[in-house]
Structures are given as structure tokens and as C-alpha cells.
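So this one's input-v6.cif, mmCIF, C-alpha atoms and all ligand atoms:
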data_coords
#
loop_
_atom_site.label_atom_id
_atom_site.label_comp_id
_atom_site.auth_asym_id
_atom_site.auth_seq_id
_atom_site.Cartn_x
_atom_site.Cartn_y
_atom_site.Cartn_z
CA MET A 1 -153.41 93.18 9.99
CA ARG A 2 -150.36 91.36 11.33
CA GLU A 3 -148.97 92.16 14.75
CA ARG A 4 -145.87 94.37 14.78
CA ILE A 5 -143.03 93.63 17.16
CA ILE A 6 -139.99 95.74 18.00
CA ALA A 7 -137.48 93.99 20.23
CA GLY A 8 -134.25 95.39 21.65
CA ASN A 9 -131.37 92.93 21.79
CA TRP A 10 -128.98 94.46 24.31
CA LYS A 11 -126.41 91.66 23.79
CA MET A 12 -123.57 91.78 26.36
CA ASN A 13 -124.01 95.46 27.14
CA SER A 14 -124.88 97.56 30.20
CA SER A 15 -124.10 97.21 33.89
CA LEU A 16 -127.09 96.33 36.05
CA PHE A 17 -127.33 99.99 37.06
CA GLU A 18 -127.32 101.16 33.43
CA GLY A 19 -129.73 98.42 32.43
CA VAL A 20 -132.28 99.36 35.06
CA LYS A 21 -132.06 102.98 34.00
CA LEU A 22 -132.50 102.06 30.34
CA ALA A 23 -135.44 99.74 31.04
CA ARG A 24 -137.15 102.44 33.09
CA SER A 25 -136.68 105.03 30.32
CA VAL A 26 -137.97 102.61 27.68
CA VAL A 27 -141.15 102.04 29.70
CA GLU A 28 -141.64 105.79 30.13
CA THR A 29 -140.99 106.75 26.52
CA VAL A 30 -143.06 104.05 24.83
CA ARG A 31 -146.03 104.37 27.19
CA GLY A 32 -149.19 105.17 25.25
CA ILE A 33 -147.80 104.09 21.87
CA GLU A 34 -150.30 101.62 20.46
CA GLY A 35 -150.23 99.18 17.57
CA VAL A 36 -146.81 97.71 18.29
CA THR A 37 -145.53 95.13 20.76
CA VAL A 38 -142.33 96.19 22.54
CA VAL A 39 -139.81 93.76 24.02
CA ILE A 40 -136.41 94.25 25.64
CA CYS A 41 -133.80 91.49 25.93
CA PRO A 42 -131.22 92.45 28.56
CA PRO A 43 -128.28 90.30 29.68
CA ALA A 44 -129.38 87.30 31.78
CA THR A 45 -128.01 88.76 35.03
CA HIS A 46 -130.45 91.68 34.72
CA LEU A 47 -133.59 89.64 34.11
CA VAL A 48 -134.83 89.25 37.69
CA THR A 49 -134.47 92.95 38.50
CA ILE A 50 -135.78 94.28 35.21
CA GLY A 51 -138.53 91.65 35.16
CA LYS A 52 -139.92 93.08 38.40
CA LEU A 53 -139.46 96.64 37.24
CA ILE A 54 -141.35 96.31 33.95
CA ASP A 55 -143.99 93.83 35.09
CA GLY A 56 -147.43 95.07 34.09
CA THR A 57 -146.12 97.98 31.99
CA GLY A 58 -146.83 96.41 28.63
CA VAL A 59 -143.12 96.16 27.73
CA GLY A 60 -142.18 92.49 27.39
CA LEU A 61 -139.07 90.82 28.78
CA GLY A 62 -136.92 88.53 26.63
CA ALA A 63 -133.82 86.40 27.10
CA GLN A 64 -131.02 86.07 24.56
CA ASN A 65 -130.89 82.27 24.60
CA VAL A 66 -132.43 79.20 26.27
CA HIS A 67 -131.24 75.62 26.73
CA TRP A 68 -133.39 72.69 25.66
CA GLU A 69 -133.09 70.66 28.84
CA GLU A 70 -134.91 71.48 32.04
CA LYS A 71 -132.01 70.95 34.40
CA GLY A 72 -128.77 69.08 34.81
CA ALA A 73 -125.06 69.27 34.15
CA PHE A 74 -125.03 72.08 31.59
CA THR A 75 -122.61 74.58 33.04
CA GLY A 76 -123.38 78.14 32.05
CA GLU A 77 -126.80 77.41 30.56
CA LEU A 78 -130.31 78.53 31.54
CA SER A 79 -133.53 76.55 31.18
CA ALA A 80 -136.91 77.80 30.02
CA GLY A 81 -138.28 77.33 33.55
CA MET A 82 -135.52 79.47 35.03
CA LEU A 83 -136.24 82.23 32.52
CA GLU A 84 -139.98 82.01 33.17
CA ASP A 85 -139.27 82.55 36.88
CA THR A 86 -137.79 85.95 36.00
CA ARG A 87 -141.05 86.87 34.16
CA CYS A 88 -139.42 86.38 30.78
CA ARG A 89 -142.00 85.64 28.09
CA TRP A 90 -139.80 86.01 25.02
CA VAL A 91 -136.52 84.52 23.88
CA ILE A 92 -134.10 85.11 21.00
CA ILE A 93 -132.97 81.84 19.43
CA GLY A 94 -130.22 81.21 16.90
CA HIS A 95 -128.74 84.70 16.74
CA SER A 96 -125.95 84.83 14.16
CA GLU A 97 -123.42 85.76 16.86
CA ARG A 98 -124.26 82.51 18.61
CA ARG A 99 -124.03 80.65 15.31
CA ALA A 100 -120.66 82.22 14.42
CA MET A 101 -119.00 82.22 17.85
CA PHE A 102 -120.73 79.62 20.02
CA ALA A 103 -121.27 76.66 17.73
CA GLU A 104 -125.01 77.17 17.30
CA THR A 105 -126.36 75.16 14.37
CA ASP A 106 -129.75 74.67 12.74
CA GLN A 107 -129.99 71.46 14.80
CA THR A 108 -129.44 73.19 18.14
CA VAL A 109 -131.81 75.95 17.05
CA ASN A 110 -134.36 73.21 16.43
CA LEU A 111 -133.85 71.68 19.90
CA ARG A 112 -134.26 75.07 21.56
CA LEU A 113 -137.38 75.85 19.54
CA LEU A 114 -138.95 72.49 20.34
CA LYS A 115 -138.39 73.28 24.01
CA THR A 116 -140.21 76.61 23.79
CA VAL A 117 -143.33 74.89 22.47
CA ASP A 118 -144.30 73.73 25.94
CA SER A 119 -142.90 76.74 27.76
CA GLN A 120 -144.26 80.24 28.29
CA LEU A 121 -141.53 81.71 26.09
CA ARG A 122 -142.34 83.11 22.65
CA PRO A 123 -139.33 82.61 20.39
CA MET A 124 -137.81 85.08 17.97
CA VAL A 125 -135.72 82.84 15.75
CA CYS A 126 -132.92 84.46 13.79
CA ILE A 127 -131.94 83.46 10.29
CA GLY A 128 -129.93 85.17 7.58
CA GLU A 129 -127.10 84.84 5.12
CA THR A 130 -123.47 85.95 5.40
CA LEU A 131 -121.85 88.30 2.91
CA ASP A 132 -120.13 85.33 1.25
CA ASP A 133 -123.49 83.59 0.88
CA ARG A 134 -124.98 86.67 -0.74
CA LYS A 135 -122.04 87.16 -3.08
CA ALA A 136 -122.27 83.52 -4.11
CA GLU A 137 -126.02 83.98 -4.71
CA ARG A 138 -126.82 81.45 -2.05
CA THR A 139 -129.05 83.72 0.05
CA PHE A 140 -132.32 81.92 -0.58
CA GLU A 141 -130.80 78.47 -0.30
CA VAL A 142 -129.28 79.36 3.10
CA ILE A 143 -132.49 80.89 4.43
CA GLU A 144 -134.55 77.93 3.26
CA THR A 145 -132.24 75.41 4.93
CA GLN A 146 -132.25 77.41 8.18
CA LEU A 147 -136.05 77.40 8.15
CA ARG A 148 -136.59 73.78 7.13
CA THR A 149 -134.04 72.38 9.59
CA GLY A 150 -134.47 74.87 12.43
CA LEU A 151 -138.28 74.70 12.46
CA LYS A 152 -138.60 70.95 11.88
CA GLY A 153 -141.53 69.64 13.93
CA VAL A 154 -142.12 73.06 15.49
CA PRO A 155 -145.68 74.41 15.25
CA LEU A 156 -145.87 77.87 13.72
CA LYS A 157 -148.80 78.83 15.88
CA GLY A 158 -147.40 77.90 19.27
CA ARG A 159 -147.55 80.30 22.16
CA GLY A 160 -148.51 83.60 20.55
CA GLY A 161 -146.92 82.43 17.28
CA LEU A 162 -143.36 81.88 16.28
CA VAL A 163 -141.53 85.08 15.28
CA ILE A 164 -138.89 84.98 12.56
CA ALA A 165 -136.11 87.58 12.53
CA TYR A 166 -134.45 87.97 9.15
CA GLU A 167 -130.99 89.26 9.97
CA PRO A 168 -128.53 89.36 7.09
CA VAL A 169 -125.23 88.80 8.90
CA TRP A 170 -123.46 91.45 6.83
CA ALA A 171 -125.89 94.08 8.12
CA ILE A 172 -125.52 93.35 11.83
CA GLY A 173 -123.61 96.03 13.69
CA THR A 174 -122.07 97.29 10.45
CA GLY A 175 -124.26 100.30 9.73
CA GLN A 176 -124.91 98.70 6.36
CA THR A 177 -128.65 98.05 6.30
CA ALA A 178 -130.40 95.92 3.72
CA THR A 179 -132.27 98.08 1.23
CA PRO A 180 -136.06 97.92 1.48
CA GLU A 181 -136.01 95.91 -1.76
CA GLN A 182 -133.52 93.38 -0.37
CA ALA A 183 -135.46 93.08 2.88
CA GLN A 184 -138.83 92.70 1.17
CA GLU A 185 -137.46 90.08 -1.24
CA ALA A 186 -136.07 87.99 1.63
CA HIS A 187 -139.14 88.42 3.83
CA ARG A 188 -141.45 87.44 0.99
CA PHE A 189 -139.31 84.38 0.33
CA ILE A 190 -139.42 83.43 4.03
CA ARG A 191 -143.21 83.71 4.04
CA ASP A 192 -143.40 81.56 0.91
CA VAL A 193 -141.25 78.84 2.50
CA LEU A 194 -143.44 78.96 5.64
CA MET A 195 -146.50 78.63 3.43
CA ASP A 196 -145.03 75.53 1.87
CA MET A 197 -143.98 74.07 5.24
CA TYR A 198 -147.26 74.89 7.05
CA ASN A 199 -150.22 76.61 5.41
CA ALA A 200 -151.10 79.95 3.86
CA ALA A 201 -153.20 81.24 6.77
CA ASP A 202 -150.58 80.61 9.47
CA ALA A 203 -147.71 81.82 7.28
CA GLY A 204 -149.73 84.93 6.50
CA GLU A 205 -150.06 85.73 10.19
CA THR A 206 -146.44 85.09 11.12
CA VAL A 207 -144.48 88.12 12.25
CA ILE A 208 -141.20 88.51 10.35
CA GLN A 209 -138.85 91.07 11.90
CA TYR A 210 -135.93 92.66 10.12
CA GLY A 211 -132.64 92.99 11.98
CA GLY A 212 -129.31 94.48 10.98
CA SER A 213 -128.47 98.14 11.59
CA MET A 214 -132.12 99.13 11.83
CA ASN A 215 -132.29 102.63 13.27
CA GLU A 216 -134.53 105.66 13.65
CA GLU A 217 -133.64 106.82 10.14
CA ASN A 218 -134.31 103.68 8.13
CA VAL A 219 -137.13 102.11 10.16
CA ALA A 220 -139.95 103.83 8.25
CA GLU A 221 -138.87 102.66 4.80
CA LEU A 222 -138.24 99.12 6.05
CA MET A 223 -141.56 98.94 7.89
CA ALA A 224 -143.29 100.17 4.73
CA CYS A 225 -142.40 96.87 3.03
CA ASP A 226 -145.39 94.51 2.82
CA ASP A 227 -143.72 91.61 4.60
CA VAL A 228 -141.64 93.47 7.20
CA ASP A 229 -143.54 93.31 10.50
CA GLY A 230 -141.07 94.63 13.02
CA GLY A 231 -137.46 94.80 14.01
CA LEU A 232 -134.83 93.15 16.15
CA ILE A 233 -132.66 96.07 17.17
CA GLY A 234 -129.13 95.80 18.50
CA GLY A 235 -127.05 98.99 18.75
CA ALA A 236 -129.96 101.42 18.52
CA SER A 237 -131.81 99.64 21.37
CA LEU A 238 -129.18 100.87 23.85
CA LYS A 239 -130.15 104.51 23.34
CA VAL A 240 -133.63 105.21 24.59
CA ASP A 241 -134.32 108.08 22.17
CA LYS A 242 -133.38 105.99 19.17
CA PHE A 243 -135.29 102.94 20.40
CA ALA A 244 -138.41 104.97 21.18
CA ALA A 245 -138.26 106.62 17.75
CA ILE A 246 -138.10 103.17 16.14
CA VAL A 247 -141.07 101.97 18.20
CA LYS A 248 -143.07 105.06 17.24
CA ALA A 249 -142.29 104.65 13.54
CA ALA A 250 -143.26 100.98 13.65
CA ALA A 251 -146.64 101.57 15.32
CA MET A 252 -149.66 100.98 13.09
P1 LIG A 301 -127.68 95.77 15.12
O1 LIG A 301 -127.94 94.30 15.70
O2 LIG A 301 -129.01 96.49 15.17
O3 LIG A 301 -126.67 96.38 16.05
O4 LIG A 301 -127.18 95.62 13.74
C1 LIG A 301 -129.08 93.58 15.37
C2 LIG A 301 -129.01 92.22 16.00
O5 LIG A 301 -127.92 91.67 16.11
O6 LIG A 301 -130.05 91.66 16.42
#

Let's see the structure in the file written out as C-alpha cells.
Ligand code: PGA
Amino acid sequence: MRERIIAGNWKMNSSLFEGVKLARSVVETVRGIEGVTVVICPPATHLVTIGKLIDGTGVGLGAQNVHWEEKGAFTGELSAGMLEDTRCRWVIIGHSERRAMFAETDQTVNLRLLKTVDSQLRPMVCIGETLDDRKAERTFEVIETQLRTGLKGVPLKGRGGLVIAYEPVWAIGTGQTATPEQAQEAHRFIRDVLMDMYNAADAGETVIQYGGSMNEENVAELMACDDVDGGLIGGASLKVDKFAAIVKAAAM
């Protein structure tokens, strides 16, 4: 049985006050739910406070990005060591919003991933096609390039194992979720590419999350797909009832 992971990507949302309240409610509502790993990824300014608050509760702390250098003249960036100091053990890498708005490429994704190999951060690396890609029937080509370039030289079984988040860009924040068939087809393809790049055993154990308007209503049918092992949740992770319902539905 593969691990299941539900992670909340809060993006640039919540004041520190709201974030602390949300983190506390998440801990309370998911307590006792077994068979699923739960992670929250608040804005960077909240990490120290929330890191202390959730330490030892079983809910993991994640950052939304990490730089590949340890220190230096990189205004606005945060290193793996700095994130580790806040008790962060997870990090989102290559989110499509960073690709579309902040010049993230498969090459910079690769640099960031290589950095996490010798850190304590377990990466959730985001890939996925745009609507134009899908319409042009380039979905698989795009996903394969993102995997082959982004993961170049990166071990699949690093710290806890690399996590892949399949996030079709057209489904993010749009309320338009991939159908279970579309998700399963893409997830299966991702696992096949990983098999070719690494080996069948490691690819078979790799957690592949779905992301893109996942919510308490569609989580069950998505999680029922053979190769869907969790979710990266944006909007619905900001409402504790919705997030807890997703966690519950994803538990084995
Ligand atoms: P969404 O975001 O759930 O709001 O679509 C998912 C994500 O961007 O990770």
C-alpha cells in the first residue's frame, strides 16, 4: 500500500492571526485520523510560529518554495537551512503559479530539487499541462519533459521519497476538476515515465498527488483511482471543515 498525502497549499493567504487559528483547527480536526499524512504549507512569514504550534502533533509543516543556494546575495529568497530552522520538513517545488508568474522553469525546478536531496525537506514537485497544451494534445509530452528535465539526477527515494503533484493548470483555482479518468490517465503515465527513468519498485512506491480544485465533494472519486495517492489542495485548504473532510476521505 502506498502512503497517502494530503497537503494544504495556503498560497499568499491569511494574516498571521488567521493562520495560527487555521493551523490550530486543522490539528484538532484531523487528530486521530489514520492512514493519511497531513501537511500544511502556510506563507513563509507564518512558519516559525506555526512550526512551534504544530510540532509533535503529527501535522507536517511545508514551505511553498526553496532556493538552491545556502546563503548569499539572493534578495527575497529562503534557503533549505532557514526553512529547516522553522521545523519545516516539506516543500512545494515548481508550482504552476511560480512557473507562470515568477519565471520558474524545469531547470530551476531541477536545481531546487537537487538541493533538497541533502536537506531535511521532502519535496512535492508540481507538474501539469495548460489548457492550450491539452487542446493541442500535448499533455503527455509536456508532463514527460517536466519530469525528465526537472528530476534529472535527483534520486526518487531521497528523504522519505520524492512526491509528485499532478496539477493540470486549467484545473487550479477554476472549480473545473479533472475527471477521475483524466486524472488516472495522467497519473498512470507519470508512473510509467518514472519507471523508465528509475525502476519499477521505486516508481511503484512514489506518491502522486492530484491538485486542481480538489474539494470535499470530488476527493472520494479521485482517490478511488489506482494511481492517485493524495492531494495538493489550494482553496479548500483554507476552510478547516473542507480540508478535514478531504483528509478523512483520503484516509485508508
Ligand atoms: P486549488 O489549488 O485547489 O485552489 O485549485 C491547488 C494548487 O494550486 O495547488

Env. residues ligand LIG 301 (chain A) / 8 Å / all atoms listed in the file / as a PyMOL selection string: chain A and resi 8-9+11+95-97+167+171-175+177+211-215+232-237

Considering only C-alpha atoms, return as an MDAnalysis selection string whatever protein or nucleic-acid residues lie within 10 Å of segment 63-75 of chain A, sequence-local ones (same chain, fewer than 3 positions apart) excluded. chainID A and resid 9:12 39:44 46:47 78:84 86 88:95 98 108:116 121 123:124

For segment 181-190 of chain A, I'd like the enclosing box, axis-aligned and padded by 6 Å on every side, reported as lines of an AutoDock Vina configuration file with centre and edge lengths in Å to one decimal.
center_x = -137.5
center_y = 89.7
center_z = 1.1
size_x = 19.9
size_y = 24.5
size_z = 17.8

Distance in Å - atom CA of Tyr166 of chain A versus atom CA of Gln146 of chain A: 10.8 Å

How many Å lie between atom CA of Ile143 of chain A and atom CA of Lys157 of chain A, rounded to one decimal? 20.0 Å

Env of Leu222 of chain A: 8 Å cut, atoms = all atoms listed in the file, seq-sep filter 2 positions within chain, self excluded. Answer as a VMD selection string. chain A and resid 179 to 180 183 210 218 to 220 224 to 225 228

Take the selection from the previous step and output its residues with C-alpha atoms, as a CSV table (one decimal), in the frame of the given file.
chain,number,residue,atom,x,y,z
A,179,THR,CA,-132.3,98.1,1.2
A,180,PRO,CA,-136.1,97.9,1.5
A,183,ALA,CA,-135.5,93.1,2.9
A,210,TYR,CA,-135.9,92.7,10.1
A,218,ASN,CA,-134.3,103.7,8.1
A,219,VAL,CA,-137.1,102.1,10.2
A,220,ALA,CA,-140.0,103.8,8.2
A,224,ALA,CA,-143.3,100.2,4.7
A,225,CYS,CA,-142.4,96.9,3.0
A,228,VAL,CA,-141.6,93.5,7.2

Between atom CA of Ile33 of chain A and atom CA of Gly58 of chain A, measure the distance and give it in Å to one decimal.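 We find that atom CA of Ile33 of chain A and atom CA of Gly58 of chain A lie 10.3 Å from each other.
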
Give me the residues near Thr37 of chain A as a PyMOL selection string, where near means some atom within 9 Å (using only C-alpha atoms) and where sequence neighbours in that chain fewer than 2 positions away do not count. chain A and resi 3-7+34-35+39+58-60+230+247+251

So which one's closest to Glu129 of chain A, A:Ala103, A:Ala186, A:Gly231, A:Leu53? Using all atoms listed in the file, please.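 Closest candidate: A:Ala186.
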
List every protein, DNA or RNA residue that has at least one atom no more than 12 Å from (-135.0, 107.5, 20.6) in the file's coordinates, counting all atoms listed in the file, and write the result as a PyMOL selection string. chain A and resi 22+25-26+28-30+215-217+219+235-249

Between A:Arg2, A:Glu181, A:Glu141, A:Ser15, which has the minimum distance to Gly161 of chain A (counting all atoms listed in the file)?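 Smallest separation from Gly161 of chain A among the options: A:Arg2.
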
Smallest atom-to-atom distance to Gly150 of chain A: which of A:Ala165, A:Ile127, A:Ala136, A:Val20, using all atoms listed in the file?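 Going through A:Ala165, A:Ile127, A:Ala136, A:Val20 one by one, the smallest distance to Gly150 of chain A is for A:Ile127.
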
Nearest to Lys21 of chain A, chosen from A:Val38, A:Pro155, A:Ile50, A:Ser119, with only C-alpha atoms counted in the distances: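 Of all the options, A:Ile50 lies closest to Lys21 of chain A.
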
Quick one: of A:Met1, A:Ile164, A:Gln182, A:Met223, who's nearest to Thr206 of chain A, counting only C-alpha atoms?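 Closest to Thr206 of chain A, using only C-alpha atoms: A:Ile164.
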
Restricting the calculation to all atoms listed in the file: of A:Thr57, A:Gly204, A:Glu137, A:Thr149, which residue gets closest to Thr105 of chain A?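 Of all the options, A:Thr149 lies closest to Thr105 of chain A.
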